[in-house]
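A.B. asks: Contents are compact mmCIF, C-alpha atoms; file name entry_7.txt:
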# COMPACT_ATOMS: atom_id res chain seq x y z
CA MET G 1 64.73 -46.00 168.54
CA GLU G 2 62.70 -46.89 171.61
CA ASP G 3 63.32 -50.46 172.81
CA LYS G 4 65.77 -51.16 169.97
CA ARG G 5 68.84 -53.01 171.21
CA ILE G 6 72.19 -51.70 170.05
CA LEU G 7 75.54 -53.17 171.00
CA TYR G 8 78.44 -50.72 170.73
CA VAL G 9 81.86 -52.32 170.36
CA SER G 10 84.72 -49.86 170.51
CA SER G 11 88.50 -49.59 170.75
CA GLU G 12 88.18 -46.59 173.06
CA VAL G 13 85.45 -44.89 175.09
CA VAL G 14 85.45 -41.76 177.25
CA PRO G 15 85.59 -41.29 180.24
CA TYR G 16 87.83 -44.37 180.52
CA LEU G 17 90.43 -43.19 177.99
CA ALA G 18 91.56 -39.82 176.65
CA GLU G 19 89.32 -37.85 174.31
CA ASN G 20 89.71 -38.39 170.58
CA GLU G 21 87.28 -38.87 167.70
CA VAL G 22 86.74 -42.57 168.36
CA SER G 23 86.42 -42.36 172.15
CA LEU G 24 84.06 -39.36 172.04
CA MET G 25 81.72 -40.81 169.40
CA SER G 26 81.79 -44.16 171.23
CA TYR G 27 80.22 -42.30 174.15
CA ASP G 28 78.03 -39.75 172.34
CA VAL G 29 76.24 -42.19 170.02
CA PRO G 30 75.21 -44.69 172.74
CA LYS G 31 74.14 -41.81 175.01
CA MET G 32 71.95 -40.46 172.21
CA ILE G 33 70.22 -43.83 171.70
CA ASN G 34 69.91 -44.30 175.46
CA ASP G 35 68.20 -40.91 175.69
CA GLN G 36 65.77 -42.02 172.95
CA GLY G 37 64.71 -45.04 174.98
CA GLY G 38 66.90 -47.58 173.21
CA GLN G 39 68.57 -50.41 175.10
CA ILE G 40 72.33 -50.30 174.80
CA ARG G 41 75.46 -52.12 175.89
CA ILE G 42 79.03 -50.89 175.34
CA PHE G 43 82.06 -53.19 175.12
CA MET G 44 85.71 -52.12 175.10
CA PRO G 45 89.09 -53.64 176.03
CA ARG G 46 90.26 -53.24 179.63
CA TYR G 47 93.65 -51.66 178.91
CA GLY G 48 96.10 -51.43 181.79
CA ASN G 49 96.00 -47.62 181.76
CA ILE G 50 92.33 -47.59 182.80
CA ASN G 51 92.09 -46.74 186.49
CA GLU G 52 89.87 -49.49 187.90
CA ARG G 53 89.46 -47.89 191.31
CA ARG G 54 88.51 -44.45 190.03
CA HIS G 55 86.02 -45.84 187.52
CA GLN G 56 84.77 -48.57 189.88
CA LEU G 57 85.32 -51.54 187.61
CA HIS G 58 84.50 -54.91 189.08
CA GLU G 59 84.78 -58.42 187.73
CA VAL G 60 81.60 -60.28 186.75
CA ILE G 61 82.40 -63.78 187.94
CA ARG G 62 79.46 -65.45 186.17
CA LEU G 63 80.67 -64.10 182.81
CA SER G 64 84.38 -64.70 183.34
CA GLY G 65 86.28 -67.96 183.35
CA MET G 66 86.04 -69.34 179.82
CA ASN G 67 89.08 -69.74 177.59
CA LEU G 68 89.18 -68.33 174.06
CA VAL G 69 91.44 -69.87 171.44
CA VAL G 70 93.66 -67.40 169.59
CA ASN G 71 96.12 -68.84 167.09
CA ASP G 72 95.82 -72.26 168.75
CA MET G 73 96.50 -70.89 172.26
CA ASP G 74 94.02 -70.92 175.15
CA MET G 75 93.62 -67.41 176.58
CA PRO G 76 91.46 -66.85 179.71
CA LEU G 77 88.64 -64.33 179.36
CA ILE G 78 87.95 -61.92 182.22
CA ILE G 79 84.86 -59.68 182.12
CA LYS G 80 84.62 -56.49 184.13
CA VAL G 81 81.84 -53.94 184.23
CA ALA G 82 81.34 -50.31 185.23
CA SER G 83 78.65 -47.67 184.89
CA ILE G 84 79.17 -44.27 183.30
CA PRO G 85 78.25 -41.81 186.08
CA LYS G 86 74.87 -40.05 185.72
CA GLU G 87 74.02 -41.86 182.48
CA ARG G 88 73.00 -45.31 183.76
CA ILE G 89 75.00 -46.80 180.89
CA GLN G 90 76.81 -50.06 181.55
CA VAL G 91 80.21 -50.64 179.99
CA TYR G 92 81.64 -54.16 179.74
CA PHE G 93 85.42 -54.60 179.63
CA ILE G 94 87.14 -57.51 177.88
CA ASP G 95 90.27 -58.38 179.84
CA ASN G 96 93.15 -60.83 179.75
CA ASP G 97 96.43 -60.51 181.65
CA GLU G 98 98.55 -61.45 178.66
CA TYR G 99 96.95 -59.00 176.24
CA PHE G 100 95.71 -56.06 178.29
CA LYS G 101 97.78 -55.72 181.45
CA ARG G 102 100.39 -53.32 179.98
CA LYS G 103 99.99 -49.66 180.88
CA ALA G 104 99.08 -48.32 177.44
CA THR G 105 96.58 -48.95 174.68
CA PHE G 106 98.14 -49.82 171.31
CA ALA G 107 101.84 -48.86 171.47
CA ASP G 108 104.77 -48.67 173.91
CA GLU G 109 106.31 -45.45 175.23
CA ASP G 110 108.41 -45.14 172.07
CA GLY G 111 105.29 -45.29 169.90
CA THR G 112 106.07 -48.79 168.63
CA LEU G 113 102.91 -50.82 168.04
CA TYR G 114 102.59 -53.85 170.30
CA PRO G 115 103.56 -56.94 168.27
CA ASP G 116 100.47 -58.86 169.42
CA ASN G 117 97.90 -56.17 168.50
CA ASP G 118 96.47 -58.54 165.89
CA GLU G 119 95.87 -61.24 168.50
CA ARG G 120 94.43 -58.69 170.90
CA SER G 121 91.88 -57.66 168.26
CA ILE G 122 90.92 -61.30 167.61
CA PHE G 123 90.58 -61.97 171.36
CA PHE G 124 88.49 -58.81 171.78
CA ALA G 125 86.08 -59.78 168.97
CA LYS G 126 85.58 -63.30 170.30
CA GLY G 127 85.31 -62.07 173.88
CA VAL G 128 82.51 -59.66 173.00
CA VAL G 129 80.46 -62.26 171.14
CA GLU G 130 80.91 -64.96 173.79
CA THR G 131 79.89 -62.54 176.54
CA VAL G 132 76.79 -61.37 174.66
CA LYS G 133 75.86 -65.03 174.19
CA LYS G 134 76.16 -65.59 177.94
CA LEU G 135 74.04 -62.50 178.60
CA ASN G 136 71.48 -63.93 176.13
CA TRP G 137 70.96 -60.37 174.92
CA VAL G 138 69.95 -60.15 171.26
CA PRO G 139 71.11 -56.91 169.58
CA ASP G 140 69.21 -55.46 166.63
CA ILE G 141 72.40 -53.64 165.62
CA ILE G 142 76.08 -54.08 166.45
CA HIS G 143 77.93 -50.80 165.85
CA VAL G 144 81.71 -51.06 165.62
CA HIS G 145 84.10 -48.16 166.33
CA GLY G 146 87.91 -48.22 165.99
CA TRP G 147 90.36 -50.64 164.42
CA MET G 148 90.83 -52.78 167.53
CA ALA G 149 87.16 -53.76 167.12
CA ALA G 150 87.39 -54.31 163.36
CA MET G 151 87.62 -58.10 163.49
CA LEU G 152 84.16 -58.36 165.01
CA PRO G 153 82.28 -58.13 161.67
CA VAL G 154 84.59 -60.80 160.21
CA TYR G 155 83.98 -63.22 163.08
CA MET G 156 80.23 -62.55 163.07
CA LYS G 157 79.97 -63.43 159.36
CA HIS G 158 82.14 -66.55 159.54
CA PHE G 159 83.04 -68.01 162.96
CA TYR G 160 79.63 -67.18 164.50
CA LYS G 161 77.52 -67.36 161.34
CA ASP G 162 75.38 -70.24 162.65
CA GLU G 163 74.53 -68.59 165.99
CA ALA G 164 70.73 -68.30 166.03
CA LEU G 165 70.99 -65.49 168.58
CA PHE G 166 72.38 -63.15 165.92
CA ALA G 167 70.30 -64.30 162.96
CA ASP G 168 68.67 -60.89 162.47
CA THR G 169 71.46 -58.68 163.84
CA LYS G 170 72.83 -56.00 161.51
CA ILE G 171 76.45 -54.80 161.71
CA VAL G 172 77.41 -51.16 161.21
CA THR G 173 81.06 -50.07 161.06
CA SER G 174 82.13 -46.47 161.66
CA VAL G 175 85.26 -45.52 159.72
CA TYR G 176 87.63 -42.92 161.19
CA GLY G 177 90.80 -41.29 159.89
CA GLN G 178 94.01 -43.29 160.01
CA SER G 179 95.16 -43.87 163.58
CA PHE G 180 98.37 -45.85 163.20
CA ASP G 181 101.24 -46.15 160.72
CA GLY G 182 102.87 -49.36 159.58
CA THR G 183 101.28 -52.79 159.89
CA LEU G 184 100.23 -55.29 162.49
CA ASP G 185 101.87 -58.73 162.53
CA MET G 186 102.21 -60.02 158.97
CA GLU G 187 100.94 -63.43 160.14
CA MET G 188 97.57 -61.90 161.03
CA ILE G 189 95.82 -63.35 157.98
CA LYS G 190 96.88 -66.87 159.01
CA LYS G 191 95.71 -66.33 162.60
CA VAL G 192 92.26 -65.25 161.43
CA ALA G 193 92.14 -68.03 158.83
CA PHE G 194 92.88 -70.50 161.68
CA ASP G 195 89.27 -69.87 162.77
CA ASP G 196 87.83 -71.20 159.50
CA VAL G 197 87.70 -67.80 157.83
CA PRO G 198 88.52 -68.22 154.11
CA GLU G 199 91.74 -66.37 153.24
CA SER G 200 90.08 -65.18 150.03
CA ASP G 201 87.57 -63.22 152.15
CA ILE G 202 90.30 -61.47 154.14
CA ALA G 203 92.93 -61.10 151.41
CA SER G 204 93.59 -57.48 152.40
CA LEU G 205 95.03 -58.73 155.71
CA ALA G 206 98.08 -59.99 153.81
CA GLU G 207 99.30 -56.46 154.52
CA PRO G 208 97.48 -55.57 157.77
CA ASN G 209 97.82 -51.78 157.74
CA TYR G 210 95.12 -49.49 159.11
CA GLU G 211 93.12 -49.08 155.90
CA ASN G 212 93.28 -52.76 154.94
CA ILE G 213 92.00 -53.80 158.37
CA LEU G 214 89.08 -51.39 157.98
CA LYS G 215 88.42 -52.61 154.42
CA VAL G 216 87.98 -56.15 155.73
CA ALA G 217 85.59 -54.87 158.41
CA ILE G 218 83.58 -52.94 155.81
CA ALA G 219 83.37 -55.97 153.52
CA HIS G 220 81.79 -57.95 156.37
CA SER G 221 79.41 -55.22 157.58
CA ASP G 222 75.83 -54.51 156.57
CA ALA G 223 76.22 -50.72 156.59
CA VAL G 224 78.99 -48.13 157.00
CA ILE G 225 79.30 -44.68 158.55
CA VAL G 226 82.04 -42.24 157.53
CA ALA G 227 82.65 -40.93 161.04
CA SER G 228 85.59 -38.63 160.43
CA GLU G 229 86.29 -35.69 158.17
CA ASN G 230 89.79 -36.95 157.39
CA VAL G 231 88.96 -40.40 155.99
CA SER G 232 91.14 -40.83 152.90
CA ASP G 233 89.70 -40.47 149.40
CA GLU G 234 90.71 -44.05 148.64
CA MET G 235 88.77 -45.32 151.65
CA VAL G 236 85.67 -43.29 150.74
CA LYS G 237 85.80 -44.71 147.19
CA PHE G 238 86.11 -48.22 148.64
CA ILE G 239 83.04 -47.63 150.81
CA GLU G 240 81.05 -46.27 147.86
CA ALA G 241 82.10 -49.20 145.66
CA SER G 242 81.13 -51.75 148.33
CA GLY G 243 77.46 -51.26 147.55
CA LYS G 244 76.65 -51.13 151.29
CA PRO G 245 74.29 -48.47 152.64
CA PHE G 246 76.55 -45.72 153.95
CA LEU G 247 76.23 -42.42 155.74
CA PRO G 248 78.64 -39.71 154.56
CA TYR G 249 80.40 -37.62 157.19
CA VAL G 250 78.16 -35.25 159.16
CA GLU G 251 79.26 -32.52 161.54
CA LYS G 252 79.30 -33.38 165.24
CA ASP G 253 76.38 -31.06 166.05
CA LYS G 254 74.18 -32.76 163.42
CA PHE G 255 75.08 -36.40 163.95
CA ALA G 256 72.16 -37.30 166.25
CA GLU G 257 69.41 -36.91 163.67
CA ALA G 258 71.57 -38.32 160.84
CA TYR G 259 72.59 -41.45 162.78
CA THR G 260 69.05 -42.09 164.02
CA ASN G 261 67.60 -41.81 160.50
CA PHE G 262 70.37 -44.02 159.13
CA TYR G 263 69.68 -46.73 161.74
CA LYS G 264 65.93 -46.60 161.09
CA ASN G 265 65.86 -46.27 157.31
CA GLN G 266 69.06 -47.94 156.05
CA VAL G 267 70.01 -50.55 158.63
CA LEU G 268 66.95 -51.96 160.40
Show how you would write the structure in this file as structure tokens.

C.D. replies:
Amino acid sequence: MEDKRILYVSSEVVPYLAENEVSLMSYDVPKMINDQGGQIRIFMPRYGNINERRHQLHEVIRLSGMNLVVNDMDMPLIIKVASIPKERIQVYFIDNDEYFKRKATFADEDGTLYPDNDERSIFFAKGVVETVKKLNWVPDIIHVHGWMAAMLPVYMKHFYKDEALFADTKIVTSVYGQSFDGTLDMEMIKKVAFDDVPESDIASLAEPNYENILKVAIAHSDAVIVASENVSDEMVKFIEASGKPFLPYVEKDKFAEAYTNFYKNQVL
């Protein structure tokens, strides 16, 4: 994978958030490619429970300052950056006071999902793409982890489909076991459709539960990785029926070789 450029877009990454399947793989996979001589960038949301002082985040003024439109509202984009100690891996943080200031990730202290999680995911997807455009950094692969990042494949295939920068970029989505119950805002499909995304292509978002959000991401990806042992049978069948190249679940201690071969032989 030497000199290949891979952009990792994730809901959660250690050491900035607690360890779970998504946050650990969102660190381990980029580290593996970095160790192989690949060029990587990691993007994640700058949630309010990330300690900026401890992790030495700082704002990148030249990348910040633009407004992104979400559901016909202008939302300022703030970009921060930090380096993972000892790894020389840069992590970019998508921030906005309205969406990411609160001191938790996806739900309040009672476990109730934030009502604007759908808009946060749209803002995150647009923020990543706009920042990569400003960096003028052309990824060979964009690898998506976690449901908060799941709108990125949709926006890449519709809203940003004419961007020459990404003409040859392939999108891989990792699918993990269900991480929230219930649904996001039932108006989500209309908010995504506002950005000239045909409702027929995102019909599953009429009921934006965890699996339907991932199904839409899969439908707009070029390849899929089953990243968790507890992905539902229905989801696995959906992945198989999609006709996309996919990597079945592999144990953590064997993922490095499997992911590298998948990138080389099925994606690139």

A.B. asks: Please provide the set of residues having any atom within 8 Å of Arg102 (chain G), restricted to only C-alpha atoms, with same-chain residues fewer than 4 positions apart removed, written as a list in words.

C.D. replies: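 Contacts, in chain order: Tyr47, Gly48 and Asn49 of chain G.
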
A.B. asks: Can you sort out the box for region 9-19 of chain G, edges along x, y and z, all listed atoms in, 8 Å on every side, with centre and edge lengths in Å to one decimal, as lines of an AutoDock Vina configuration file?

C.D. replies:
center_x = 86.7
center_y = -45.1
center_z = 175.4
size_x = 25.7
size_y = 30.5
size_z = 26.2

A.B. asks: Could you check the closest approach to Asp140 (chain G) for each of G:Met75, G:Val128, G:Leu7, G:Ile189 and tell me which residue wins, using all atoms listed in the file?

C.D. replies: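 Looking only at the distances to Asp140 (chain G), the closest residue turns out to be G:Leu7.
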
A.B. asks: Considering all atoms listed in the file, state which residue in the set G:Ala217, G:Gly127, G:Arg5, G:Ala82 is at the smallest distance from Asp168 (chain G).

C.D. replies: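 Of all the options, G:Arg5 lies closest to Asp168 (chain G).
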
A.B. asks: Using Å and a single decimal, report how far CA of Lys264 (chain G) sits from CA of Asp222 (chain G).

C.D. replies: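 Pair CA of Asp222 (chain G) / CA of Lys264 (chain G) returns 13.5 Å.
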
A.B. asks: To one decimal place, how far is CA of Val132 (chain G) from CA of Val154 (chain G) in Å?

C.D. replies: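 Taking CA of Val132 (chain G) as the start and CA of Val154 (chain G) as the end point, the length is 16.4 Å.
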
A.B. asks: Considering all atoms listed in the file, give me a table of residues in region 118-147 of chain G that are at most 9 Å from region 86-101 of chain G, with the closest atom pair and distance in Å for each, as CSV.

C.D. replies:
residue,atom,partner,partner_atom,distance
G:Glu119,CA,G:Tyr99,CA,8.1
G:Arg120,CA,G:Tyr99,CA,5.9
G:Phe123,CA,G:Tyr99,CA,8.6
G:Phe124,CA,G:Ile94,CA,6.4
G:Gly127,CA,G:Ile94,CA,6.3
G:Val128,CA,G:Ile94,CA,7.1
G:Thr131,CA,G:Ile94,CA,8.9

A.B. asks: Identify, on the basis of all atoms listed in the file, every residue whose closest approach to Lys31 (chain G) does not exceed 12 Å; exclude the query and any residue fewer than 5 positions from it along the same chain; express the result as a ChimeraX atom specification.

C.D. replies: /G:6,8,13-14,24-26,36-42,84-91,256

A.B. asks: Could you check the closest approach to Pro30 (chain G) for each of G:Met66, G:His143, G:Ala241, G:Asp74 and tell me which residue wins, using all atoms listed in the file?

C.D. replies: G:His143

A.B. asks: Please measure the separation of CA of Val22 (chain G) and CA of Thr260 (chain G), giving the value in Å to one decimal.

C.D. replies: 18.2 Å

A.B. asks: Which residue is closest to Glu2 (chain G)? Choose from G:Met32, G:Leu184, G:Val226, G:Val144 and count all atoms listed in the file.

C.D. replies: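 The shortest atom-to-atom distance to Glu2 (chain G) comes from G:Met32.
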
A.B. asks: Measuring between only C-alpha atoms, which one of G:Val231, G:Val172, G:Leu152, G:Ile213 shows the shortest distance to Pro245 (chain G)?

C.D. replies: G:Val172
